[in-house]
$ cat query.tsv   # TSV, C-alpha atoms
chain	number	residue	atom	x	y	z
A	13	MET	CA	0.00	0.00	0.00
A	14	LEU	CA	2.73	2.40	1.05
A	15	LYS	CA	4.54	1.46	-2.13
A	16	TYR	CA	1.86	3.27	-4.15
A	17	ALA	CA	1.06	6.00	-1.64
A	18	VAL	CA	4.48	7.66	-1.79
A	19	PRO	CA	4.71	8.12	-5.59
A	20	LEU	CA	1.05	9.14	-5.62
A	21	ALA	CA	1.70	11.78	-2.96
A	22	ILE	CA	4.72	13.10	-4.88
A	23	PHE	CA	2.65	13.22	-8.06
A	24	ALA	CA	-0.18	15.06	-6.30
A	25	LEU	CA	2.25	17.58	-4.79
A	26	LEU	CA	3.84	18.19	-8.19
A	27	GLY	CA	0.36	18.62	-9.65
A	28	VAL	CA	-0.49	21.25	-7.05
A	29	PHE	CA	2.74	23.16	-7.78
A	30	LEU	CA	2.18	23.06	-11.53
A	31	TYR	CA	-1.47	24.06	-11.16
A	32	VAL	CA	-0.56	27.05	-8.98
A	33	GLY	CA	2.16	27.91	-11.50
A	34	LEU	CA	-0.41	28.00	-14.30
A	35	GLN	CA	-2.49	30.59	-12.44
A	36	ARG	CA	0.41	32.97	-12.01
A	37	ASP	CA	1.21	35.75	-14.43
A	38	PRO	CA	4.82	35.41	-15.58
A	39	SER	CA	4.95	39.05	-16.68
A	40	TYR	CA	4.24	40.21	-13.13
A	41	VAL	CA	7.44	41.19	-11.33
A	42	PRO	CA	6.98	41.79	-7.61
A	43	SER	CA	8.27	45.16	-6.50
A	44	PRO	CA	11.15	45.22	-4.01
A	45	LEU	CA	9.85	48.62	-2.89
A	46	ILE	CA	6.89	47.27	-0.91
A	47	GLY	CA	7.35	48.17	2.75
A	48	LYS	CA	10.26	50.46	1.96
A	49	GLN	CA	10.52	54.22	1.86
A	50	ALA	CA	9.15	55.53	-1.43
A	51	PRO	CA	11.79	57.22	-3.58
A	52	GLU	CA	11.54	61.00	-3.32
A	53	PHE	CA	11.08	63.10	-6.41
A	54	THR	CA	10.60	66.68	-7.47
A	55	LEU	CA	9.43	67.13	-11.04
A	56	PRO	CA	7.78	69.91	-13.03
A	57	SER	CA	4.03	69.84	-13.25
A	58	LEU	CA	2.67	68.69	-16.59
A	59	GLN	CA	0.42	71.71	-16.99
A	60	ASP	CA	2.86	74.30	-15.66
A	61	ALA	CA	6.59	73.57	-15.86
A	62	SER	CA	7.38	76.33	-13.34
A	63	TYR	CA	5.31	74.59	-10.66
A	64	PRO	CA	7.26	71.77	-8.98
A	65	VAL	CA	5.55	68.59	-7.83
A	66	SER	CA	7.35	67.16	-4.80
A	67	SER	CA	6.68	63.85	-3.09
A	68	LYS	CA	7.67	65.43	0.25
A	69	GLU	CA	4.55	67.57	0.30
A	70	LEU	CA	2.44	64.43	0.42
A	71	LEU	CA	3.88	63.10	3.68
A	72	GLY	CA	1.40	62.63	6.49
A	73	ARG	CA	-1.42	61.10	4.46
A	74	PRO	CA	-1.87	58.14	2.17
A	75	TRP	CA	-1.67	58.92	-1.53
A	76	VAL	CA	-1.66	57.12	-4.86
A	77	LEU	CA	0.85	57.44	-7.67
A	78	ASN	CA	-0.41	56.39	-11.09
A	79	VAL	CA	2.15	56.00	-13.88
A	80	TRP	CA	0.69	56.68	-17.31
A	81	GLY	CA	1.38	57.90	-20.82
A	82	THR	CA	-0.68	58.67	-23.89
A	83	TRP	CA	1.22	55.92	-25.75
A	84	CYS	CA	-0.05	53.33	-23.28
A	85	ALA	CA	-3.19	51.43	-24.28
A	86	GLY	CA	-3.82	50.11	-20.77
A	87	CYS	CA	-3.87	53.70	-19.50
A	88	ARG	CA	-6.73	54.57	-21.83
A	89	GLN	CA	-8.49	51.46	-20.59
A	90	GLU	CA	-8.21	52.39	-16.92
A	91	HIS	CA	-8.93	56.10	-17.36
A	92	ASP	CA	-12.65	55.95	-16.61
A	93	THR	CA	-11.94	53.89	-13.50
A	94	LEU	CA	-9.45	56.54	-12.33
A	95	LEU	CA	-12.08	59.25	-12.86
A	96	GLN	CA	-14.52	57.19	-10.82
A	97	ILE	CA	-11.93	56.72	-8.04
A	98	ALA	CA	-11.07	60.43	-8.05
A	99	ARG	CA	-14.73	61.30	-7.47
A	100	THR	CA	-14.69	59.35	-4.19
A	101	ASN	CA	-11.99	61.70	-2.80
A	102	ALA	CA	-10.50	58.80	-0.82
A	103	VAL	CA	-6.88	59.83	-1.44
A	104	PRO	CA	-5.02	62.33	-3.60
A	105	LEU	CA	-4.33	60.73	-6.97
A	106	ILE	CA	-0.96	61.88	-8.29
A	107	GLY	CA	-0.12	61.22	-11.94
A	108	LEU	CA	3.35	60.43	-13.21
A	109	ASN	CA	3.38	61.14	-16.92
A	110	TRP	CA	6.09	58.77	-18.13
A	111	LYS	CA	8.17	59.60	-21.21
A	112	ASP	CA	5.35	61.32	-23.00
A	113	ASP	CA	4.70	64.24	-25.27
A	114	ASN	CA	3.62	67.19	-23.13
A	115	ALA	CA	1.06	68.55	-25.60
A	116	ALA	CA	-0.44	65.10	-26.21
A	117	ALA	CA	-0.68	64.46	-22.46
A	118	GLN	CA	-2.42	67.78	-21.80
A	119	GLN	CA	-4.80	67.13	-24.69
A	120	TRP	CA	-5.58	63.66	-23.23
A	121	LEU	CA	-6.55	65.19	-19.88
A	122	ARG	CA	-8.65	67.90	-21.52
A	123	THR	CA	-10.66	65.52	-23.68
A	124	LEU	CA	-10.97	62.51	-21.35
A	125	GLY	CA	-11.15	64.35	-18.04
A	126	ASN	CA	-8.49	64.78	-15.36
A	127	PRO	CA	-8.61	62.38	-12.41
A	128	TYR	CA	-5.33	63.67	-10.94
A	129	ALA	CA	-4.80	66.18	-8.15
A	130	VAL	CA	-1.56	67.00	-9.92
A	131	VAL	CA	0.53	65.38	-12.66
A	132	ALA	CA	4.33	65.26	-12.55
A	133	GLU	CA	6.11	65.15	-15.88
A	134	ASP	CA	8.87	62.52	-16.04
A	135	ASN	CA	10.24	63.23	-19.46
A	136	GLU	CA	13.54	61.39	-19.05
A	137	GLY	CA	12.07	58.45	-17.18
A	138	ARG	CA	14.47	58.80	-14.25
A	139	VAL	CA	11.85	58.91	-11.51
A	140	ALA	CA	10.15	55.92	-13.14
A	141	ILE	CA	13.42	53.98	-12.87
A	142	ASP	CA	13.76	54.99	-9.20
A	143	TRP	CA	10.30	53.57	-8.61
A	144	GLY	CA	11.09	50.37	-10.53
A	145	VAL	CA	8.45	51.08	-13.16
A	146	TYR	CA	8.67	48.77	-16.14
A	147	GLY	CA	5.28	48.86	-17.81
A	148	ALA	CA	2.55	51.45	-17.58
A	149	PRO	CA	-0.01	51.59	-16.18
A	150	GLU	CA	1.34	51.01	-12.70
A	151	THR	CA	-0.31	52.25	-9.54
A	152	PHE	CA	1.41	52.65	-6.17
A	153	LEU	CA	-0.17	53.23	-2.78
A	154	ILE	CA	2.02	55.23	-0.41
A	155	GLY	CA	1.36	55.43	3.32
A	156	PRO	CA	1.40	58.55	5.52
A	157	ASP	CA	4.95	57.65	6.63
A	158	GLY	CA	6.13	57.67	3.02
A	159	LYS	CA	6.39	53.88	2.75
A	160	VAL	CA	5.13	52.01	-0.29
A	161	LEU	CA	2.16	49.91	0.83
A	162	PHE	CA	1.06	48.31	-2.43
A	163	LYS	CA	1.72	48.23	-6.14
A	164	HIS	CA	-0.68	47.24	-8.87
A	165	ILE	CA	0.70	46.52	-12.34
A	166	ALA	CA	-2.01	46.49	-15.05
A	167	PRO	CA	-5.01	48.72	-15.69
A	168	MET	CA	-6.83	49.69	-12.51
A	169	THR	CA	-10.28	48.24	-11.98
A	170	MET	CA	-12.86	49.00	-9.31
A	171	GLU	CA	-12.48	45.41	-8.15
A	172	VAL	CA	-8.75	45.86	-7.47
A	173	TRP	CA	-9.37	49.27	-5.94
A	174	ASN	CA	-12.02	48.00	-3.52
A	175	LYS	CA	-10.16	44.81	-2.66
A	176	GLU	CA	-6.52	45.92	-2.47
A	177	PHE	CA	-6.39	49.68	-2.13
A	178	LEU	CA	-9.34	50.79	-0.01
A	179	PRO	CA	-8.72	48.47	2.98
A	180	ARG	CA	-5.06	49.54	3.07
A	181	ILE	CA	-5.99	53.21	2.79
A	182	GLU	CA	-8.44	52.88	5.68
A	183	ALA	CA	-5.89	51.04	7.79
A	184	ALA	CA	-3.27	53.68	7.00
A	185	LYS	CA	-5.65	56.51	7.91
A	186	ALA	CA	-6.61	54.78	11.16
A	187	GLY	CA	-2.96	54.18	12.00
A	188	ALA	CA	-1.86	57.71	11.13
A	189	ALA	CA	-4.57	59.54	13.10
A	190	PRO	CA	-3.34	58.79	16.66
A	191	ALA	CA	0.27	59.44	15.65
A	192	ARG	CA	-0.62	62.95	14.59
A	193	GLY	CA	-3.09	63.71	17.40
B	8	MET	CA	34.76	13.05	-52.95
B	9	LYS	CA	37.35	15.05	-51.15
B	10	LEU	CA	36.53	18.16	-53.15
B	11	THR	CA	32.83	17.99	-52.27
B	12	GLY	CA	33.84	17.71	-48.60
B	13	VAL	CA	35.87	20.89	-48.86
B	14	LEU	CA	33.05	22.61	-50.74
B	15	HIS	CA	30.57	21.59	-48.09
B	16	ALA	CA	32.80	22.96	-45.37
B	17	LEU	CA	33.21	26.21	-47.26
B	18	LEU	CA	29.50	26.50	-47.83
B	19	ALA	CA	28.79	25.86	-44.17
B	20	ALA	CA	31.34	28.48	-43.15
B	21	LEU	CA	29.79	30.97	-45.57
B	22	LEU	CA	26.28	30.32	-44.23
B	23	LEU	CA	27.46	30.65	-40.64
B	24	ALA	CA	29.21	33.92	-41.43
B	25	GLY	CA	26.06	35.27	-43.02
B	26	SER	CA	23.83	34.20	-40.15
B	27	PHE	CA	25.83	35.99	-37.46
B	28	PRO	CA	23.40	38.28	-35.66
B	29	ALA	CA	23.88	41.99	-35.34
B	30	LEU	CA	25.17	42.14	-31.79
B	31	ALA	CA	25.10	45.80	-30.92
B	32	ILE	CA	21.88	47.72	-30.50
B	33	ASP	CA	23.76	50.88	-29.59
B	34	THR	CA	24.82	52.55	-32.79
B	35	GLU	CA	27.41	54.68	-31.08
B	36	LYS	CA	30.02	53.67	-28.58
B	37	ALA	CA	29.26	54.76	-25.06
B	38	PHE	CA	32.90	55.19	-24.10
B	39	ASP	CA	36.12	55.93	-25.96
B	40	ASP	CA	38.10	53.97	-23.39
B	41	PRO	CA	37.90	50.30	-24.50
B	42	ALA	CA	38.07	49.07	-20.90
B	43	LEU	CA	35.06	51.15	-19.87
B	44	GLN	CA	33.22	50.18	-23.05
B	45	ALA	CA	33.85	46.51	-22.26
B	46	ARG	CA	32.48	46.96	-18.73
B	47	TYR	CA	29.47	48.80	-20.09
B	48	GLU	CA	28.68	46.01	-22.55
B	49	GLN	CA	29.28	43.31	-19.96
B	50	ILE	CA	26.89	44.90	-17.44
B	51	ASN	CA	24.24	45.43	-20.10
B	52	ARG	CA	24.44	41.77	-21.05
B	53	GLU	CA	23.63	40.76	-17.48
B	54	LEU	CA	20.62	43.00	-16.88
B	55	ARG	CA	17.14	41.99	-17.88
B	56	CYS	CA	14.93	44.28	-19.89
B	57	LEU	CA	11.77	44.02	-17.79
B	58	VAL	CA	9.30	44.91	-20.52
B	59	CYS	CA	10.74	42.39	-22.94
B	60	GLN	CA	11.61	39.88	-20.17
B	61	ASN	CA	13.63	37.39	-22.19
B	62	GLN	CA	16.07	39.92	-23.52
B	63	THR	CA	18.91	41.70	-21.84
B	64	ILE	CA	19.06	45.47	-22.00
B	65	ALA	CA	21.97	45.03	-24.42
B	66	ASP	CA	19.67	43.21	-26.87
B	67	SER	CA	16.64	45.43	-26.64
B	68	ASN	CA	15.69	48.76	-28.02
B	69	ALA	CA	12.64	49.21	-25.83
B	70	THR	CA	12.62	52.69	-24.30
B	71	LEU	CA	13.08	51.24	-20.83
B	72	ALA	CA	16.18	49.35	-22.03
B	73	GLN	CA	17.53	52.56	-23.54
B	74	ASP	CA	16.91	54.39	-20.27
B	75	LEU	CA	18.57	51.64	-18.24
B	76	ARG	CA	21.58	51.67	-20.55
B	77	ARG	CA	21.79	55.41	-20.01
B	78	GLU	CA	21.77	54.84	-16.24
B	79	VAL	CA	24.55	52.23	-16.57
B	80	ARG	CA	26.59	54.56	-18.77
B	81	GLU	CA	26.24	57.45	-16.33
B	82	MET	CA	27.08	55.31	-13.32
B	83	ILE	CA	30.22	53.96	-14.99
B	84	ALA	CA	31.19	57.50	-15.94
B	85	ALA	CA	30.63	58.54	-12.31
B	86	GLY	CA	33.10	55.86	-11.20
B	87	LYS	CA	30.63	53.40	-9.68
B	88	THR	CA	31.74	49.78	-9.38
B	89	ASP	CA	29.93	46.93	-11.14
B	90	ALA	CA	28.58	45.75	-7.79
B	91	GLN	CA	27.18	49.20	-7.03
B	92	ILE	CA	25.46	49.33	-10.41
B	93	ARG	CA	23.94	45.89	-9.90
B	94	GLU	CA	22.78	46.93	-6.42
B	95	PHE	CA	21.14	50.04	-7.93
B	96	MET	CA	19.14	47.84	-10.31
B	97	ILE	CA	18.19	45.25	-7.67
B	98	GLU	CA	16.93	47.95	-5.28
B	99	ARG	CA	14.53	49.12	-7.97
B	100	TYR	CA	13.59	46.04	-9.93
B	101	GLY	CA	14.37	43.12	-7.63
B	102	ASP	CA	16.51	40.06	-8.26
B	103	PHE	CA	14.61	39.34	-11.47
B	104	VAL	CA	16.62	42.07	-13.19
B	105	LEU	CA	19.75	39.92	-12.92
B	106	TYR	CA	20.34	37.39	-15.67
B	107	ARG	CA	22.73	35.54	-13.41
B	108	PRO	CA	20.72	34.90	-10.24
B	109	ARG	CA	22.25	35.38	-6.82
B	110	MET	CA	21.91	32.95	-3.97
B	111	THR	CA	19.58	34.41	-1.35
B	112	ALA	CA	17.78	33.03	1.69
B	113	SER	CA	14.55	32.64	-0.29
B	114	ASN	CA	16.05	30.71	-3.20
B	115	PHE	CA	18.64	28.76	-1.21
B	116	LEU	CA	16.65	25.54	-1.54
B	117	LEU	CA	16.73	25.87	-5.33
B	118	TRP	CA	20.51	26.16	-5.30
B	119	ALA	CA	20.90	23.30	-2.85
B	120	ALA	CA	18.37	21.06	-4.61
B	121	PRO	CA	20.84	19.27	-6.95
B	122	VAL	CA	23.10	18.30	-4.06
B	123	LEU	CA	20.17	17.32	-1.82
B	124	LEU	CA	18.55	15.24	-4.56
B	125	LEU	CA	21.85	13.53	-5.32
B	126	LEU	CA	22.28	12.66	-1.64
B	127	LEU	CA	18.70	11.40	-1.46
B	128	GLY	CA	19.19	9.31	-4.61
B	129	THR	CA	22.43	7.85	-3.29
B	130	PHE	CA	20.75	7.04	0.02
B	131	ILE	CA	17.80	5.30	-1.68
B	132	GLY	CA	20.15	3.50	-4.06
B	133	ILE	CA	22.37	2.18	-1.29
B	134	ARG	CA	19.37	1.02	0.72
B	135	TYR	CA	17.93	-0.73	-2.32
B	136	ILE	CA	21.19	-2.50	-3.18
B	137	ARG	CA	21.68	-3.61	0.45
B	138	LYS	CA	18.12	-4.90	0.59
B	139	GLN	CA	18.61	-6.85	-2.62
B	140	ALA	CA	21.92	-8.25	-1.41
B	141	ALA	CA	20.28	-9.31	1.88
B	142	GLU	CA	17.40	-10.94	0.02
B	143	ALA	CA	19.76	-12.71	-2.35
B	144	ASP	CA	21.69	-14.06	0.65
B	145	SER	CA	18.61	-15.38	2.40
B	146	ASP	CA	17.15	-16.64	-0.86
B	147	SER	CA	20.19	-18.58	-2.00
B	148	PRO	CA	19.53	-21.80	-0.06
B	149	GLU	CA	16.09	-22.24	-1.63
B	150	ALA	CA	16.95	-20.61	-4.98
B	151	GLY	CA	15.02	-23.22	-6.88
B	152	GLN	CA	11.71	-22.18	-5.33
B	153	SER	CA	11.52	-18.57	-6.54
$ encode --input "query.tsv" --output "structure tokens"
Amino acid sequence: MLKYAVPLAIFALLGVFLYVGLQRDPSYVPSPLIGKQAPEFTLPSLQDASYPVSSKELLGRPWVLNVWGTWCAGCRQEHDTLLQIARTNAVPLIGLNWKDDNAAAQQWLRTLGNPYAVVAEDNEGRVAIDWGVYGAPETFLIGPDGKVLFKHIAPMTMEVWNKEFLPRIEAAKAGAAPARG
Amino acid sequence: MKLTGVLHALLAALLLAGSFPALAIDTEKAFDDPALQARYEQINRELRCLVCQNQTIADSNATLAQDLRREVREMIAAGKTDAQIREFMIERYGDFVLYRPRMTASNFLLWAAPVLLLLLGTFIGIRYIRKQAAEADSDSPEAGQS
């Protein structure tokens, strides 16, 4: 009996591993930034180059960084979801316009609507590299202490927002309140 | 007979020469100093282009690969060591960015697996042989029965 049980158990275990492997997305690369201090940046605003957008100003509250570009099809796909999220006023939504044409990006926001509190223009892609961005759209959640809490790679959906972002935002707000008070 | 052999060899050499891939994506040299250029190319060959996944940043012309090559070039120019440049990439993109994986606590089992499996196999093999030898010994008096 044991003679058959052992190979069968090994086979079943292998099956479980392979099955789990099939469900995983090989293009998803986990970010080493999770739980670490978010890289600081100061970049010109997309709409007004003389106005600097600095990550330091956002300390003390949770905020979301969304990396996008007009060349990115997934960004067009998630745009309506971002508008919907922005209307809830849960957190400031900061845009990082990655290696894009300024005029095209401004046109995009004018015609499709602007979900962002402010958009930083990363023309050279240096801030994107600091944040380990490799494929837009990418969305980061940053805590009040400036630590990266979560990263979503792929177009944002309300499902992901409600499941992954909102609970973390609420926890971060609850945790930050006594520290400030 | 001999001539056709030579011709075949020549033809094969010609075909091989023609099929050699274009190796450099960069059209211009990054450095005049050949030693620095060699380091630059070597580092690029060991870093993964994360958008194209199965290419190194030396093989790819994706904008991210271009940007990462620029970072490598600037860090070499600034006098950073190879290890510092690799660390810069790992901090941002994780171990996956390395084409030659490092041994870490989380993948230690993977590195140790060949040795462990070999030991396990040897152990099972020895036990099996001993068991067989023992059975053969006890069987030998009544060999005719089995």
$ residues_around --input "query.tsv" --residues "Gly158 in chain A" --least-positions-apart "4" --cutoff "9 Å" --atoms "all atoms listed in the file" --output "PyMOL selection string"
chain A and resi 48-52+67-68+70-74+154
$ residues_near_point --input "query.tsv" --point "(28.2, 52.9, -11.0)" --cutoff "12 Å" --atoms "only C-alpha atoms" --output "PyMOL selection string"
chain B and resi 43+46-47+50+76-96
$ closest_residue --input "query.tsv" --among "A:Ile97, A:Gly137, A:Ala132, A:Trp173" --to "Pro64 in chain A" --atoms "all atoms listed in the file"
A:Ala132
$ interface_residues --input "query.tsv" --of "chain A" --to "chain B" --cutoff "12 Å" --atoms "only C-alpha atoms" --output "mmCIF file with C-alpha atoms, keeping the file's coordinate frame"
data_model
loop_
_atom_site.group_PDB
_atom_site.id
_atom_site.type_symbol
_atom_site.label_atom_id
_atom_site.label_comp_id
_atom_site.auth_asym_id
_atom_site.auth_seq_id
_atom_site.Cartn_x
_atom_site.Cartn_y
_atom_site.Cartn_z
ATOM 1 C CA PRO A 38 4.820 35.410 -15.580
ATOM 2 C CA SER A 39 4.950 39.050 -16.680
ATOM 3 C CA TYR A 40 4.240 40.210 -13.130
ATOM 4 C CA VAL A 41 7.440 41.190 -11.330
ATOM 5 C CA PRO A 42 6.980 41.790 -7.610
ATOM 6 C CA SER A 43 8.270 45.160 -6.500
ATOM 7 C CA PRO A 44 11.150 45.220 -4.010
ATOM 8 C CA LEU A 45 9.850 48.620 -2.890
ATOM 9 C CA ILE A 46 6.890 47.270 -0.910
ATOM 10 C CA LYS A 48 10.260 50.460 1.960
ATOM 11 C CA GLN A 49 10.520 54.220 1.860
ATOM 12 C CA ALA A 50 9.150 55.530 -1.430
ATOM 13 C CA PRO A 51 11.790 57.220 -3.580
ATOM 14 C CA TRP A 83 1.220 55.920 -25.750
ATOM 15 C CA TRP A 110 6.090 58.770 -18.130
ATOM 16 C CA LYS A 111 8.170 59.600 -21.210
ATOM 17 C CA ASP A 112 5.350 61.320 -23.000
ATOM 18 C CA ASN A 135 10.240 63.230 -19.460
ATOM 19 C CA GLU A 136 13.540 61.390 -19.050
ATOM 20 C CA GLY A 137 12.070 58.450 -17.180
ATOM 21 C CA ARG A 138 14.470 58.800 -14.250
ATOM 22 C CA VAL A 139 11.850 58.910 -11.510
ATOM 23 C CA ALA A 140 10.150 55.920 -13.140
ATOM 24 C CA ILE A 141 13.420 53.980 -12.870
ATOM 25 C CA ASP A 142 13.760 54.990 -9.200
ATOM 26 C CA TRP A 143 10.300 53.570 -8.610
ATOM 27 C CA GLY A 144 11.090 50.370 -10.530
ATOM 28 C CA VAL A 145 8.450 51.080 -13.160
ATOM 29 C CA TYR A 146 8.670 48.770 -16.140
ATOM 30 C CA GLY A 147 5.280 48.860 -17.810
ATOM 31 C CA ALA A 148 2.550 51.450 -17.580
ATOM 32 C CA ILE A 165 0.700 46.520 -12.340
#
$ axis_aligned_box --input "query.tsv" --around "range 125-142 of chain A" --padding-each-side "4 Å" --output "AutoDock Vina command-line options"
--center_x 1.7 --center_y 60.5 --center_z -13.8 --size_x 33.6 --size_y 21.0 --size_z 19.3
$ atom_distance --input "query.tsv" --atom1 "CA of Pro167 in chain A" --atom2 "CA of Gly155 in chain A"
21.1 Å
$ closest_residue --input "query.tsv" --among "A:Leu161, A:Ala129, A:Leu58, A:Ala186" --to "Asn101 in chain A" --atoms "all atoms listed in the file"
A:Ala129
$ residues_around --input "query.tsv" --residues "Leu95 in chain A" --least-positions-apart "5" --cutoff "8 Å" --atoms "only C-alpha atoms" --output "list in words"
Gly125, Asn126 and Pro127 of chain A
$ atom_distance --input "query.tsv" --atom1 "CA of Glu69 in chain A" --atom2 "CA of Ala183 in chain A"
20.9 Å
$ atom_distance --input "query.tsv" --atom1 "CA of Gly107 in chain A" --atom2 "CA of Ser62 in chain A"
16.9 Å
$ residues_around --input "query.tsv" --residues "Ala117 in chain A" --least-positions-apart "4" --cutoff "10 Å" --atoms "all atoms listed in the file" --output "VMD selection string"
chain A and resid 58 to 59 80 to 83 109 to 110 112 to 113 121 to 122 131 133
$ residues_near_point --input "query.tsv" --point "(0.8, 58.6, -11.3)" --cutoff "6 Å" --atoms "only C-alpha atoms" --output "list of chain:residue names"
A:Leu77, A:Asn78, A:Val79, A:Ile106, A:Gly107, A:Leu108
$ residues_around --input "query.tsv" --residues "Trp75 in chain A" --least-positions-apart "6" --cutoff "9 Å" --atoms "all atoms listed in the file" --output "list of chain:residue names"
A:Ala102, A:Val103, A:Pro104, A:Leu105, A:Ile106, A:Phe152, A:Leu153, A:Ile154, A:Gly155, A:Pro156, A:Ile181
$ residues_around --input "query.tsv" --residues "Glu48 in chain B" --least-positions-apart "4" --cutoff "12 Å" --atoms "all atoms listed in the file" --output "ChimeraX atom specification"
/B:30-33,36-38,41-44,52-54,63-66,76-77,79-80,83,89
$ write_last_selection --input "query.tsv" --atoms "C-alpha atoms" --output "compact mmCIF listing (two decimals), keeping the file's coordinate frame"
# COMPACT_ATOMS: atom_id res chain seq x y z
CA LEU B 30 25.17 42.14 -31.79
CA ALA B 31 25.10 45.80 -30.92
CA ILE B 32 21.88 47.72 -30.50
CA ASP B 33 23.76 50.88 -29.59
CA LYS B 36 30.02 53.67 -28.58
CA ALA B 37 29.26 54.76 -25.06
CA PHE B 38 32.90 55.19 -24.10
CA PRO B 41 37.90 50.30 -24.50
CA ALA B 42 38.07 49.07 -20.90
CA LEU B 43 35.06 51.15 -19.87
CA GLN B 44 33.22 50.18 -23.05
CA ARG B 52 24.44 41.77 -21.05
CA GLU B 53 23.63 40.76 -17.48
CA LEU B 54 20.62 43.00 -16.88
CA THR B 63 18.91 41.70 -21.84
CA ILE B 64 19.06 45.47 -22.00
CA ALA B 65 21.97 45.03 -24.42
CA ASP B 66 19.67 43.21 -26.87
CA ARG B 76 21.58 51.67 -20.55
CA ARG B 77 21.79 55.41 -20.01
CA VAL B 79 24.55 52.23 -16.57
CA ARG B 80 26.59 54.56 -18.77
CA ILE B 83 30.22 53.96 -14.99
CA ASP B 89 29.93 46.93 -11.14
$ closest_residue --input "query.tsv" --among "A:Ser57, A:Pro149, A:Gly47, A:Leu124" --to "Cys84 in chain A" --atoms "all atoms listed in the file"
A:Pro149
